[in-house]
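> The structure under discussion is supplied below as C-alpha cells; questions concerning it will follow.
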Amino acid sequence: MIKSLKTMIFVGLASLLLVACGQGGGGAGSKKSKTLDNTKKAGFVKCGVSQGLPGFSNADASGNWTGLDVDVCRAVAAAVLGDADKVKYTPLSAKERFTALTSGEIDILARNTTWTLSRDADIGLTFVGVNFYDGQGFMVRKNSGINSVNDFKNGISACTNTGTTTELNMRDFFNSKNISYEPIAFEKADEVVQAYDAGRCDTYTTDKSGLAAQRTKMSAPDDHKVLPETISKEPLGPVVRQGDSVWEDIVRWSLNTMIEAEEYGINSSNASSLKDSENPQIKRLVGSEGELGAAFGLDNEWSLRIIEQVGNYGESYKKHIADTGILPNRGPNELWTKGGILYVPPAR
Amino acid sequence: MNLKKFKIDFKNKKRLIPQVLTIAFIFLVFAYFSYNAQINMGNRGISFGYGFLSQEASFDITFSMIDYDGSYSYGRAFLVGLLNTLLVSVIGIIICTILGVTIGIGRLSQNYLIAKAAEWYVEIFRNIPLLLQIFFWYYGALRLLPMPENAISFGEISFLTIKGWYVPKFLWTNFSIFFYSLIASLISIFYVFKYAKKQREKVGKHVPAGLISLSILIILPALTFLIGGVTLNFEYPELNQLSDTIYNFKGGISIIPELISLALALSMYTATFVAENVRAGIEGVGKGQKEAAASIGLTRGQILKLVVMPQALRIIIPPTTNQYLNLTKNSSLAAAIAYPDIVLVFAGTALMQTGRAIEIISITMGTYLFLSLTISVLMNSYNKKMAIKEK
C-alpha cells in the first residue's frame with residue numbers, strides 16, 4: 001500500500017512538473033513579437049474577414065478576396081513578408097470574430113468592426129485605428145411611404161445581425177423615439193438580406209456602408225432606399241490581440257501609411273520615383289530617409305512596398321467602394337485636408 | 001441503483017492501483033486544461049467571472065414569454081432564451097408523440113393506403129437532414145405566405161401572414177377561480193378512478209369512470225362561469241396600417257414564423273423515429289398474447305388497451321426517451337433561423353456583447369445537460385412504472 005502511494009505521488013508530481021514546463025515558454029517578451037515571428041515562419045498573414053460584404057471584404061468566383069478591409073491585411077503582408085498576396089483569409093460571422101482573434105486562429109481582424117470602449121478594454125482586444133467612418137442607418141422599400149425615421153410607427157419590424165453594435169443602437173434609437181418594434185436578429189448578413197427582401201421585416205438596419213453594399217445583392221435593388229438619418233457613430237477598423245505591442249504597431253502604421261501616402265500624393269505608380277523627392281516626409285514614407293522600419297524589426301522599404309503593392313487609401317477606396325457604386329461620395333472618409341476627418345499621426 | 005456492485009475491493013492492491021492512476025490522470029488532464037486556459041486568459045487580459053450576468057443586457061429579443069426588454073439583465077436574457085427553448089421542445093414533444101403514435105399504428109394498418117402512406121412519411125422525413133427541413137419550412141414554405149394586407153384569414157379571427165400567425169388572445173376575469181375549479185375537477189377525477197378500480201376488483205361492478213370524469217371536467221368549470229363571476233372575452237387581431245404599404249396585425253397573440261417552422265420541422269422529423277418505436281413495440285408483443293386475449297372474448301379495442309399496449313410500452317419508452325432528448329438538443333438549430341432560443345440569445349448575442357466565451361458556453365452546456373437529465377429522470381420513472389414488476 002505504501003509503495004503504491006509513493007508511486008502515485010511521484011506520478012502526480014511528475015505530471016505537474018510537465019504542466020509547469022509547458023507553460024514556461026509562453027511568457028511575455030517586450031520587444032520581440034511572437035506574432036511577427038510566427039507570421040514570418042508561416043509565410044502568410046492570418047487575416048479574419050467578413051463572410052461577404054461587397055466593397056469591404058468579398059471573394060470573387062475564384063476565391064480572390066478584395067475590398068477596403070482586405071487591403072489592410074494586404075498592406076501588413078507587404079510590409080512584413082514583402083508580398084501583399086501572402087495572406088490567408090478566414091471568413092467569420094459577427095459572432096465568431098473575436099473568439100477567432102483571441103484564440104490565435106487569426107492575427108488581424110479586418111471585418112468592418114466597430115471600435116467601442118467595452119470591446120477595446122474588456123475582451124482582450126486592441127483596436128489599432130479607423131479605416132472607415134460609418135454610421136447606422138435604415139433601409140426601407142421605396143413604395144412604403146417612409147421618408148424619414150420619424151415616419152416609423154409602433155409595431156414596425158426590423159431585421160439585423162446578432163452580436164453587433166447595430167442590435168444595441170437599434171434599441172437605443174427606438175426607445176428614445178418611444179416606438180415599440182419587433183427585432184429579428186439573424187446570424188449571417190445574407191439571411192438578414194433574404195428575410196428583409198422576402199417581406200419578413202419592414203426595415204433593415206445596419207451600418208450605412210453595409211446597407212449600400214447589401215442592396216446590390218437584393219432581387220430588385222432599385223426598389224429600396226436608405227433613409228437619410230444616421231443614428232450612431234460606427235468607426236470601423238482593424239483589431240489585433242492585446243499583449244503584442246510590436247504587432248499592434250505594425251498593423252497600425254501599415255494603415256496609417258496608406259492614409260498618409262494619399263495625403264502626400266504618393267500612389268502605387270509614382271512611389272519609387274519619389275525616392276529623390278525634396279520633401280523629407282515623402283522620403284521617409286518611401287524609405288529613402290530615416291530608419292523607421294527598424295522600430296518594429298522591419299527593413300526600411302516596408303512602407304514603400306505597401307504603397308507600391310496595395311496603393312494609398314484613396315486608391316483603395318476608389319477601387320473598392322467608389323467605382324463599384326457602393327458609396328461614390330467619400331463623405332467623412334475624405335482626408336482632413338479636403339474636408340473629411342481622416343487624420344493620422346505623422347510617420348516620422 | 002445497487003451500490004454494492006461498485007464496492008471497491010480495498011484488500012486487493014493490484015486492482016486498486018490502475019484505478020487510482022486512471023482517476024489521477026483524468027484529474028490532471030482537467031487541471032492542465034483549466035490551468036492553461038487561466039494562464040492564456042491572463043496573458044491576453046481577459047478576466048473570468050459570472051458578474052456580467054447582473055449587468056444590463058441592452059439588446060431586445062423578438063419573442064419572450066416573460067417580461068423582458070433591453071433594460072433587464074443578461075441573467076434575465078438567459079431565462080428568456082431558456083424558456084423559449086423549453087417552449088419549442090414541449091410543443092415539439094407533444095406534436096411528435098401524437099404524430100408518431102398515429103403513424104406507427106398506421107404502419108401496421110390492414111388498409112393498404114394507410115400503411116403505405118405511413119411508410120412513405122417515415123422514409124422521407126427521417127432521411128432528410130433536420131437542418132434542411134428547418135430551412136425548407138422557414139425559407140421555403142413560410143416565406144411564401146402573403147403580406148399582412150392579403151393575410152390568409154380563418155373566419156376573420158385568426159390570420160396567417162409572412163410575419164407570423166395571429167390568433168385571438170384570451171381575456172379572463174377571475175381566472176384564478178376558473179383555474180382552481182380545474183384543479184378541483186382533476187382531483188375528483190383521480191378519486192373517481194380509484195373508486196372505480198376498487199369496485200371492479202372487490203365487487204366486480206363496472207363503473208363508467210370515463211363518462212363521469214368527462215362530465216365533472218365540463219360541469220365544474222362551467223359552473224364558475226355561471227355563478228363564480230368568471231368571464232372570458234377574446235381580443236381579436238386587427239389589421240393596422242403603419243405607412244403607405246406597411247401593415248401589421250395589432251392585438252391578439254402573434255406566433256412568430258421562426259417558432260412555427262422550428263416546431264414543425266422538429267416534430268415531423270422526430271415523429272418518424274417515434275413511429276418506428278411504436279411499430280417495433282406493438283410488433284414485439286407475441287402473437288399468442290393477442291390470440292389468447294381474443295379467445296377469452298376481449299374486443300379489439302380491449303386487446304389493444306389491456307394486453308398489447310401495456311407490454312408494448314415497455315419496448316417503446318426507452319428509445320422514445322432518446323428521441324425526446326434528441327428533439328430538445330436539436331432545438332439548438334434554432335439559431336439558423338433567428339428563433340430566439342438559448343443558443344441564439346445567450347450563446348450568441350450575449351456572448352458577443354460581453355465576450356465571455358468560456359463562462360457563457362459553460363452555462364449553456366450545463367443547461368442542456370440539466371434539461372436532458374431532467375427528461376431522462378422523468379421518463380425513467382415512467383418506465384419503471386410500466387416495467388414488469390418482479391416479486
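Residue numbers start at 1 in each chain; chains themselves are named A, B, ... in the order of the C-alpha cells; ligands are numbered from 1 in the order shown.
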Would you kindly return, as a list in words, each protein, DNA or RNA residue with an atom no farther than 10 Å from any atom of Lys275 (chain A), considering only C-alpha atoms and excluding same-chain residues fewer than 6 positions away?

Ile282, Lys283, Arg284, Leu285, Val286, Gly287, Ser288, Glu289 and Leu304 of chain A

> Could you name the residues that touch Phe159 (chain B) at 10 Å or less, counting only C-alpha atoms, but leaving out those on the same chain fewer than 6 positions away, as a compact mmCIF listing (two decimals) with C-alpha atoms, in the first residue's frame?


```
# COMPACT_ATOMS: atom_id res chain seq x y z
CA PRO B 148 -50.42 41.11 -43.78
CA ASN B 150 -53.54 39.89 -48.02
CA ALA B 151 -53.47 37.59 -45.00
CA ILE B 152 -54.99 34.12 -45.10
CA SER B 153 -57.97 34.52 -42.80
CA TRP B 165 -49.69 33.58 -37.26
CA TYR B 166 -52.03 35.86 -35.34
CA VAL B 167 -54.55 34.23 -33.01
CA PRO B 168 -57.12 35.70 -30.60
CA TYR B 236 -59.00 39.61 -31.97
CA PRO B 237 -56.04 40.65 -34.11
CA GLU B 238 -56.81 43.63 -36.33
CA LEU B 239 -55.10 44.86 -39.45
CA PHE B 249 -51.73 43.00 -37.06
CA SER B 254 -48.56 36.68 -32.58
```

> Among region 45-139 of chain A, which residues carry a DSSP assignment of strand (DSSP E or B), reported as JSON, numbers by chain?

{"A": [45, 46, 47, 48, 49, 53, 57, 58, 59, 65, 66, 87, 88, 89, 90, 91, 108, 109, 114, 125, 126, 127, 132, 133, 134, 136, 137, 138, 139]}

> Output C-alpha atoms for every residue in that selection, as a short mmCIF file (atom, residue, chain, number, x, y, z; two decimals), in the first residue's frame.


```
data_model
loop_
_atom_site.label_atom_id
_atom_site.label_comp_id
_atom_site.auth_asym_id
_atom_site.auth_seq_id
_atom_site.Cartn_x
_atom_site.Cartn_y
_atom_site.Cartn_z
CA VAL A 45 -0.62 36.77 -42.60
CA LYS A 46 -3.66 35.22 -40.91
CA CYS A 47 -6.49 37.62 -41.60
CA GLY A 48 -10.11 37.42 -40.44
CA VAL A 49 -12.66 38.91 -42.86
CA LEU A 53 -19.58 42.34 -47.79
CA SER A 57 -14.20 42.06 -47.93
CA ASN A 58 -15.71 39.96 -50.65
CA ALA A 59 -14.49 36.88 -52.50
CA TRP A 65 -10.59 38.42 -51.70
CA THR A 66 -10.84 42.13 -52.41
CA VAL A 87 -2.50 36.43 -46.84
CA LYS A 88 -4.69 33.60 -45.62
CA TYR A 89 -8.29 34.77 -45.27
CA THR A 90 -10.71 33.31 -42.76
CA PRO A 91 -14.35 34.34 -43.29
CA ILE A 108 -5.64 40.58 -37.70
CA LEU A 109 -9.38 41.09 -37.71
CA THR A 114 -16.95 48.97 -34.68
CA LEU A 125 -8.62 43.11 -27.99
CA THR A 126 -6.89 46.25 -29.21
CA PHE A 127 -8.22 48.46 -31.97
CA PHE A 132 -13.83 53.65 -42.39
CA TYR A 133 -16.05 56.13 -40.56
CA ASP A 134 -19.57 54.80 -40.72
CA GLN A 136 -26.02 53.15 -38.69
CA GLY A 137 -28.96 53.75 -40.98
CA PHE A 138 -32.21 52.17 -42.09
CA MET A 139 -33.30 50.74 -45.42
#
```

> Skipping near chain neighbours, those fewer than 5 positions away, what residues fall within 12 Å of Glu187 (chain A) using only C-alpha atoms, listed as a VMD selection string?

(chain A and resid 51 92 to 96 159 to 164 167 192 to 193 195) or (chain B and resid 333 to 340 343 to 345 347 to 349 352)

> Those selected residues, please, written with N, CA and C atoms and delivered as a PDB file, in the first residue's frame.


```pdb
ATOM      1  N   GLN A  51     -18.034  37.414 -44.124  1.00  0.00           N
ATOM      2  CA  GLN A  51     -18.465  36.315 -44.984  1.00  0.00           C
ATOM      3  C   GLN A  51     -18.949  36.827 -46.329  1.00  0.00           C
ATOM      4  N   LEU A  92     -15.469  35.078 -41.259  1.00  0.00           N
ATOM      5  CA  LEU A  92     -16.025  34.891 -39.917  1.00  0.00           C
ATOM      6  C   LEU A  92     -17.374  35.585 -39.796  1.00  0.00           C
ATOM      7  N   SER A  93     -18.284  34.979 -39.027  1.00  0.00           N
ATOM      8  CA  SER A  93     -19.544  35.661 -38.715  1.00  0.00           C
ATOM      9  C   SER A  93     -19.265  36.666 -37.605  1.00  0.00           C
ATOM     10  N   ALA A  94     -20.225  37.568 -37.410  1.00  0.00           N
ATOM     11  CA  ALA A  94     -20.062  38.587 -36.375  1.00  0.00           C
ATOM     12  C   ALA A  94     -19.817  37.921 -35.025  1.00  0.00           C
ATOM     13  N   LYS A  95     -20.459  36.789 -34.830  1.00  0.00           N
ATOM     14  CA  LYS A  95     -20.389  36.092 -33.556  1.00  0.00           C
ATOM     15  C   LYS A  95     -19.019  35.458 -33.327  1.00  0.00           C
ATOM     16  N   GLU A  96     -18.422  34.960 -34.409  1.00  0.00           N
ATOM     17  CA  GLU A  96     -17.178  34.202 -34.245  1.00  0.00           C
ATOM     18  C   GLU A  96     -15.944  35.082 -34.160  1.00  0.00           C
ATOM     19  N   CYS A 159     -35.068  44.004 -39.149  1.00  0.00           N
ATOM     20  CA  CYS A 159     -34.121  42.892 -39.237  1.00  0.00           C
ATOM     21  C   CYS A 159     -32.698  43.407 -39.094  1.00  0.00           C
ATOM     22  N   THR A 160     -31.873  42.629 -38.399  1.00  0.00           N
ATOM     23  CA  THR A 160     -30.458  42.987 -38.297  1.00  0.00           C
ATOM     24  C   THR A 160     -29.629  41.758 -37.956  1.00  0.00           C
ATOM     25  N   ASN A 161     -28.325  41.980 -37.729  1.00  0.00           N
ATOM     26  CA  ASN A 161     -27.419  40.888 -37.379  1.00  0.00           C
ATOM     27  C   ASN A 161     -27.303  40.733 -35.869  1.00  0.00           C
ATOM     28  N   THR A 162     -27.163  39.487 -35.408  1.00  0.00           N
ATOM     29  CA  THR A 162     -26.912  39.302 -33.978  1.00  0.00           C
ATOM     30  C   THR A 162     -25.459  39.623 -33.678  1.00  0.00           C
ATOM     31  N   GLY A 163     -25.215  39.971 -32.420  1.00  0.00           N
ATOM     32  CA  GLY A 163     -23.846  40.153 -31.960  1.00  0.00           C
ATOM     33  C   GLY A 163     -23.167  41.366 -32.540  1.00  0.00           C
ATOM     34  N   THR A 164     -23.948  42.379 -32.902  1.00  0.00           N
ATOM     35  CA  THR A 164     -23.358  43.588 -33.455  1.00  0.00           C
ATOM     36  C   THR A 164     -23.757  44.791 -32.607  1.00  0.00           C
ATOM     37  N   GLU A 167     -27.436  45.992 -33.153  1.00  0.00           N
ATOM     38  CA  GLU A 167     -28.536  45.472 -32.352  1.00  0.00           C
ATOM     39  C   GLU A 167     -28.770  46.376 -31.133  1.00  0.00           C
ATOM     40  N   VAL A 192     -30.178  38.022 -43.208  1.00  0.00           N
ATOM     41  CA  VAL A 192     -30.902  39.266 -42.924  1.00  0.00           C
ATOM     42  C   VAL A 192     -31.448  39.841 -44.222  1.00  0.00           C
ATOM     43  N   VAL A 193     -30.581  39.894 -45.231  1.00  0.00           N
ATOM     44  CA  VAL A 193     -30.977  40.460 -46.522  1.00  0.00           C
ATOM     45  C   VAL A 193     -32.159  39.679 -47.088  1.00  0.00           C
ATOM     46  N   ALA A 195     -34.357  37.812 -45.494  1.00  0.00           N
ATOM     47  CA  ALA A 195     -35.575  37.999 -44.704  1.00  0.00           C
ATOM     48  C   ALA A 195     -36.233  39.331 -45.044  1.00  0.00           C
TER      49      ALA A 195
ATOM     50  N   LEU B 333     -30.707  24.158 -33.120  1.00  0.00           N
ATOM     51  CA  LEU B 333     -30.566  24.589 -34.519  1.00  0.00           C
ATOM     52  C   LEU B 333     -31.370  25.857 -34.779  1.00  0.00           C
ATOM     53  N   ALA B 334     -32.162  26.268 -33.794  1.00  0.00           N
ATOM     54  CA  ALA B 334     -32.950  27.498 -33.886  1.00  0.00           C
ATOM     55  C   ALA B 334     -32.130  28.674 -34.362  1.00  0.00           C
ATOM     56  N   ALA B 335     -30.863  28.695 -33.938  1.00  0.00           N
ATOM     57  CA  ALA B 335     -30.024  29.847 -34.278  1.00  0.00           C
ATOM     58  C   ALA B 335     -29.958  30.072 -35.784  1.00  0.00           C
ATOM     59  N   ALA B 336     -30.163  29.001 -36.566  1.00  0.00           N
ATOM     60  CA  ALA B 336     -30.058  29.138 -38.018  1.00  0.00           C
ATOM     61  C   ALA B 336     -31.196  29.962 -38.603  1.00  0.00           C
ATOM     62  N   ILE B 337     -32.329  30.049 -37.903  1.00  0.00           N
ATOM     63  CA  ILE B 337     -33.461  30.790 -38.468  1.00  0.00           C
ATOM     64  C   ILE B 337     -33.954  31.879 -37.535  1.00  0.00           C
ATOM     65  N   ALA B 338     -33.075  32.355 -36.637  1.00  0.00           N
ATOM     66  CA  ALA B 338     -33.398  33.514 -35.807  1.00  0.00           C
ATOM     67  C   ALA B 338     -34.516  33.272 -34.801  1.00  0.00           C
ATOM     68  N   TYR B 339     -34.774  32.016 -34.427  1.00  0.00           N
ATOM     69  CA  TYR B 339     -35.687  31.813 -33.301  1.00  0.00           C
ATOM     70  C   TYR B 339     -34.885  32.048 -32.022  1.00  0.00           C
ATOM     71  N   PRO B 340     -35.362  32.942 -31.143  1.00  0.00           N
ATOM     72  CA  PRO B 340     -34.529  33.341 -30.002  1.00  0.00           C
ATOM     73  C   PRO B 340     -34.469  32.287 -28.900  1.00  0.00           C
ATOM     74  N   VAL B 343     -29.453  29.265 -27.391  1.00  0.00           N
ATOM     75  CA  VAL B 343     -28.201  29.343 -28.152  1.00  0.00           C
ATOM     76  C   VAL B 343     -28.101  30.685 -28.875  1.00  0.00           C
ATOM     77  N   LEU B 344     -29.184  31.111 -29.496  1.00  0.00           N
ATOM     78  CA  LEU B 344     -29.129  32.378 -30.228  1.00  0.00           C
ATOM     79  C   LEU B 344     -28.996  33.558 -29.268  1.00  0.00           C
ATOM     80  N   VAL B 345     -29.825  33.565 -28.216  1.00  0.00           N
ATOM     81  CA  VAL B 345     -29.865  34.724 -27.330  1.00  0.00           C
ATOM     82  C   VAL B 345     -28.646  34.769 -26.420  1.00  0.00           C
ATOM     83  N   ALA B 347     -25.863  32.115 -25.964  1.00  0.00           N
ATOM     84  CA  ALA B 347     -24.570  31.712 -26.520  1.00  0.00           C
ATOM     85  C   ALA B 347     -24.272  32.471 -27.801  1.00  0.00           C
ATOM     86  N   GLY B 348     -25.205  33.310 -28.265  1.00  0.00           N
ATOM     87  CA  GLY B 348     -24.979  34.115 -29.450  1.00  0.00           C
ATOM     88  C   GLY B 348     -24.803  35.575 -29.089  1.00  0.00           C
ATOM     89  N   THR B 349     -25.947  36.262 -28.960  1.00  0.00           N
ATOM     90  CA  THR B 349     -25.882  37.696 -28.738  1.00  0.00           C
ATOM     91  C   THR B 349     -25.153  38.064 -27.449  1.00  0.00           C
ATOM     92  N   MET B 352     -21.498  37.611 -27.661  1.00  0.00           N
ATOM     93  CA  MET B 352     -20.853  38.642 -28.470  1.00  0.00           C
ATOM     94  C   MET B 352     -20.729  39.942 -27.719  1.00  0.00           C
TER      95      MET B 352
END
```

> Give the residues of chain B that lie within 6 Å of chain A; count only C-alpha atoms, and format the answer as an MDAnalysis selection string.

chainID B and resid 44:46 59 62 162:163 242:245 338 349 352 355

> Looking only at alpha helix (DSSP H) from DSSP on the backbone, list the matching residues of region 32-256 of chain A as number ranges by chain.

A: 34-42, 68-81, 97-102, 117-122, 165-176, 189-198, 208-215, 245-256

> Report the distance between CA of Leu371 (chain B) and CA of Ile342 (chain B) in Å, rounded to one decimal place.

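Spanning CA of Leu371 (chain B) to CA of Ile342 (chain B) is a straight-line distance of 12.1 Å.
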
> What's around Asn270 (chain A) at 12 Å? Count only C-alpha atoms, leave out sequence neighbours fewer than 4 positions away in its own chain, and write the answer as a JSON list (two decimals) with N, CA and C atoms, in the first residue's frame.


```json
[["chain", "number", "residue", "atom", "x", "y", "z"],
["A", 261, "ALA", "N", 0.13, 58.36, -47.18],
["A", 261, "ALA", "CA", 0.63, 58.38, -48.56],
["A", 261, "ALA", "C", -0.31, 59.17, -49.44],
["A", 262, "GLU", "N", -1.63, 59.01, -49.22],
["A", 262, "GLU", "CA", -2.58, 59.77, -50.02],
["A", 262, "GLU", "C", -2.42, 61.26, -49.75],
["A", 264, "TYR", "N", 0.19, 62.88, -48.98],
["A", 264, "TYR", "CA", 1.36, 63.46, -49.63],
["A", 264, "TYR", "C", 1.40, 63.15, -51.12],
["A", 265, "GLY", "N", 0.33, 62.66, -51.65],
["A", 265, "GLY", "CA", 0.24, 62.43, -53.09],
["A", 265, "GLY", "C", 1.08, 61.28, -53.60],
["A", 266, "ILE", "N", 1.41, 60.34, -52.71],
["A", 266, "ILE", "CA", 2.19, 59.19, -53.16],
["A", 266, "ILE", "C", 1.21, 58.08, -53.51],
["A", 274, "LEU", "N", 9.61, 58.75, -56.33],
["A", 274, "LEU", "CA", 9.65, 59.84, -55.35],
["A", 274, "LEU", "C", 10.78, 59.65, -54.33],
["A", 275, "LYS", "N", 11.64, 58.66, -54.54],
["A", 275, "LYS", "CA", 12.72, 58.40, -53.60],
["A", 275, "LYS", "C", 13.66, 59.60, -53.47],
["A", 276, "ASP", "N", 13.74, 60.38, -54.56],
["A", 276, "ASP", "CA", 14.65, 61.52, -54.52],
["A", 276, "ASP", "C", 13.87, 62.82, -54.33],
["A", 277, "SER", "N", 12.70, 62.73, -53.74],
["A", 277, "SER", "CA", 11.85, 63.91, -53.56],
["A", 277, "SER", "C", 12.55, 64.93, -52.67],
["A", 282, "ILE", "N", 7.96, 62.81, -47.50],
["A", 282, "ILE", "CA", 7.74, 61.86, -48.59],
["A", 282, "ILE", "C", 8.89, 60.86, -48.62],
["A", 286, "VAL", "N", 8.70, 56.69, -48.39],
["A", 286, "VAL", "CA", 9.14, 55.74, -49.42],
["A", 286, "VAL", "C", 10.47, 55.10, -49.03],
["A", 304, "LEU", "N", 7.28, 51.54, -48.51],
["A", 304, "LEU", "CA", 7.29, 51.63, -49.97],
["A", 304, "LEU", "C", 6.53, 50.45, -50.58],
["A", 307, "ILE", "N", 2.78, 50.90, -50.35],
["A", 307, "ILE", "CA", 2.23, 51.85, -51.33],
["A", 307, "ILE", "C", 2.29, 51.26, -52.73],
["A", 308, "GLU", "N", 3.38, 50.59, -53.04],
["A", 308, "GLU", "CA", 3.53, 50.04, -54.39],
["A", 308, "GLU", "C", 2.57, 48.89, -54.66],
["A", 309, "GLN", "N", 2.45, 48.00, -53.67],
["A", 309, "GLN", "CA", 1.68, 46.77, -53.92],
["A", 309, "GLN", "C", 0.19, 46.94, -53.63],
["A", 311, "GLY", "N", -1.28, 50.27, -52.70],
["A", 311, "GLY", "CA", -1.75, 51.59, -53.06],
["A", 311, "GLY", "C", -2.05, 52.43, -51.84],
["A", 312, "ASN", "N", -2.33, 53.72, -52.05],
["A", 312, "ASN", "CA", -2.70, 54.54, -50.89],
["A", 312, "ASN", "C", -4.19, 54.39, -50.60]]
```

> Excluding Ile218 (chain B) and its own-chain neighbours fewer than 5 positions away, which residues fall within 12 Å of it when counting only C-alpha atoms? Please give them as a JSON list (two decimals) with C-alpha atoms, in the first residue's frame.


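The resulting selection.json:
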```json
[["chain", "number", "residue", "atom", "x", "y", "z"],
["B", 178, "PHE", "CA", -61.57, 29.01, -13.04],
["B", 181, "SER", "CA", -62.08, 24.64, -10.40],
["B", 182, "LEU", "CA", -59.95, 22.83, -12.98],
["B", 184, "ALA", "CA", -60.60, 20.50, -8.13],
["B", 185, "SER", "CA", -62.14, 18.56, -11.01],
["B", 186, "LEU", "CA", -58.83, 16.83, -11.74],
["B", 189, "ILE", "CA", -61.47, 12.55, -11.30],
["B", 211, "LEU", "CA", -68.07, 9.21, -18.63],
["B", 212, "ILE", "CA", -68.30, 10.52, -15.06],
["B", 213, "SER", "CA", -64.90, 12.21, -15.28],
["B", 223, "LEU", "CA", -70.33, 26.42, -13.09],
["B", 224, "THR", "CA", -67.66, 29.04, -12.38],
["B", 225, "PHE", "CA", -68.85, 30.92, -15.46]]
```

> Please identify all polymer residues within 12 Å of Asn38 (chain A), counting only C-alpha atoms, omitting same-chain residues fewer than 2 positions from it, and present them as a PyMOL selection string.

chain A and resi 32-36+40-46+80-81+104+106-107+247

> Write the residues of the selection above to a file with N, CA and C atoms, as a tab-separated table (two decimals), in the first residue's frame.


```tsv
chain	number	residue	atom	x	y	z
A	32	LYS	N	10.39	41.70	-28.57
A	32	LYS	CA	10.19	40.71	-29.61
A	32	LYS	C	8.70	40.42	-29.80
A	33	SER	N	8.31	40.25	-31.02
A	33	SER	CA	6.90	39.97	-31.27
A	33	SER	C	6.71	38.52	-31.68
A	34	LYS	N	5.95	37.81	-30.86
A	34	LYS	CA	5.69	36.41	-31.15
A	34	LYS	C	4.86	36.27	-32.44
A	35	THR	N	3.89	37.17	-32.59
A	35	THR	CA	3.03	37.12	-33.77
A	35	THR	C	3.83	37.36	-35.03
A	36	LEU	N	4.76	38.35	-34.97
A	36	LEU	CA	5.59	38.66	-36.14
A	36	LEU	C	6.46	37.45	-36.49
A	40	LYS	N	6.27	35.32	-39.98
A	40	LYS	CA	7.41	35.13	-40.89
A	40	LYS	C	7.67	33.65	-41.11
A	41	LYS	N	7.51	32.87	-40.02
A	41	LYS	CA	7.76	31.44	-40.13
A	41	LYS	C	6.72	30.78	-41.04
A	42	ALA	N	5.45	31.19	-40.86
A	42	ALA	CA	4.38	30.58	-41.64
A	42	ALA	C	4.42	31.05	-43.10
A	43	GLY	N	4.89	32.27	-43.31
A	43	GLY	CA	4.95	32.79	-44.67
A	43	GLY	C	3.66	33.44	-45.14
A	44	PHE	N	2.69	33.60	-44.24
A	44	PHE	CA	1.48	34.34	-44.61
A	44	PHE	C	0.87	35.01	-43.39
A	45	VAL	N	0.07	36.05	-43.67
A	45	VAL	CA	-0.62	36.77	-42.60
A	45	VAL	C	-1.99	36.15	-42.42
A	46	LYS	N	-2.35	35.83	-41.17
A	46	LYS	CA	-3.66	35.22	-40.91
A	46	LYS	C	-4.68	36.32	-40.66
A	80	VAL	N	5.50	43.08	-43.97
A	80	VAL	CA	6.18	42.07	-43.18
A	80	VAL	C	6.84	41.02	-44.06
A	81	LEU	N	6.13	40.56	-45.09
A	81	LEU	CA	6.61	39.43	-45.88
A	81	LEU	C	7.09	39.83	-47.27
A	104	GLY	N	-6.17	32.99	-31.43
A	104	GLY	CA	-4.98	32.88	-32.26
A	104	GLY	C	-5.23	32.25	-33.62
A	106	ILE	N	-6.64	33.75	-36.03
A	106	ILE	CA	-6.25	34.82	-36.95
A	106	ILE	C	-5.40	35.81	-36.16
A	107	ASP	N	-4.62	36.65	-36.88
A	107	ASP	CA	-3.78	37.63	-36.20
A	107	ASP	C	-4.25	39.06	-36.42
A	247	TRP	N	3.39	43.91	-32.86
A	247	TRP	CA	2.45	43.55	-33.93
A	247	TRP	C	1.37	44.61	-34.07
```

> Between CA of Ser376 (chain B) and CA of Thr321 (chain B), what distance in Å does the model show, to one decimal?

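Between CA of Ser376 (chain B) and CA of Thr321 (chain B) the gap works out to 6.7 Å.
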
> Tell me, as a list of chain:residue names, which residues lie within 10 Å of Arg330 (chain A), counting only C-alpha atoms; anything in the same chain fewer than 2 positions away does not count.

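These residues fall inside the cut-off: A:Phe132, A:Tyr133, A:Gly314, A:Tyr317, A:Lys318, A:Ile321, A:Ala322, A:Leu327, A:Pro328, A:Pro332, A:Asn333, A:Glu334, A:Leu335, A:Gly340.
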
> Kindly save the residues from that selection, with C-alpha atoms included, as a PDB file, in the first residue's frame.


```
ATOM      1  CA  PHE A 132     -13.828  53.650 -42.390  1.00  0.00           C
ATOM      2  CA  TYR A 133     -16.054  56.126 -40.557  1.00  0.00           C
ATOM      3  CA  GLY A 314      -7.586  56.917 -51.819  1.00  0.00           C
ATOM      4  CA  TYR A 317     -11.321  53.479 -51.647  1.00  0.00           C
ATOM      5  CA  LYS A 318     -11.808  54.358 -55.299  1.00  0.00           C
ATOM      6  CA  ILE A 321     -16.055  51.476 -52.709  1.00  0.00           C
ATOM      7  CA  ALA A 322     -16.463  54.304 -55.224  1.00  0.00           C
ATOM      8  CA  LEU A 327     -20.668  54.857 -51.900  1.00  0.00           C
ATOM      9  CA  PRO A 328     -19.277  57.127 -54.653  1.00  0.00           C
ATOM     10  CA  PRO A 332     -16.278  61.765 -43.723  1.00  0.00           C
ATOM     11  CA  ASN A 333     -13.763  59.316 -45.161  1.00  0.00           C
ATOM     12  CA  GLU A 334     -12.056  62.121 -47.047  1.00  0.00           C
ATOM     13  CA  LEU A 335      -8.677  63.454 -45.906  1.00  0.00           C
ATOM     14  CA  GLY A 340     -13.088  64.881 -44.226  1.00  0.00           C
TER      15      GLY A 340
END
```
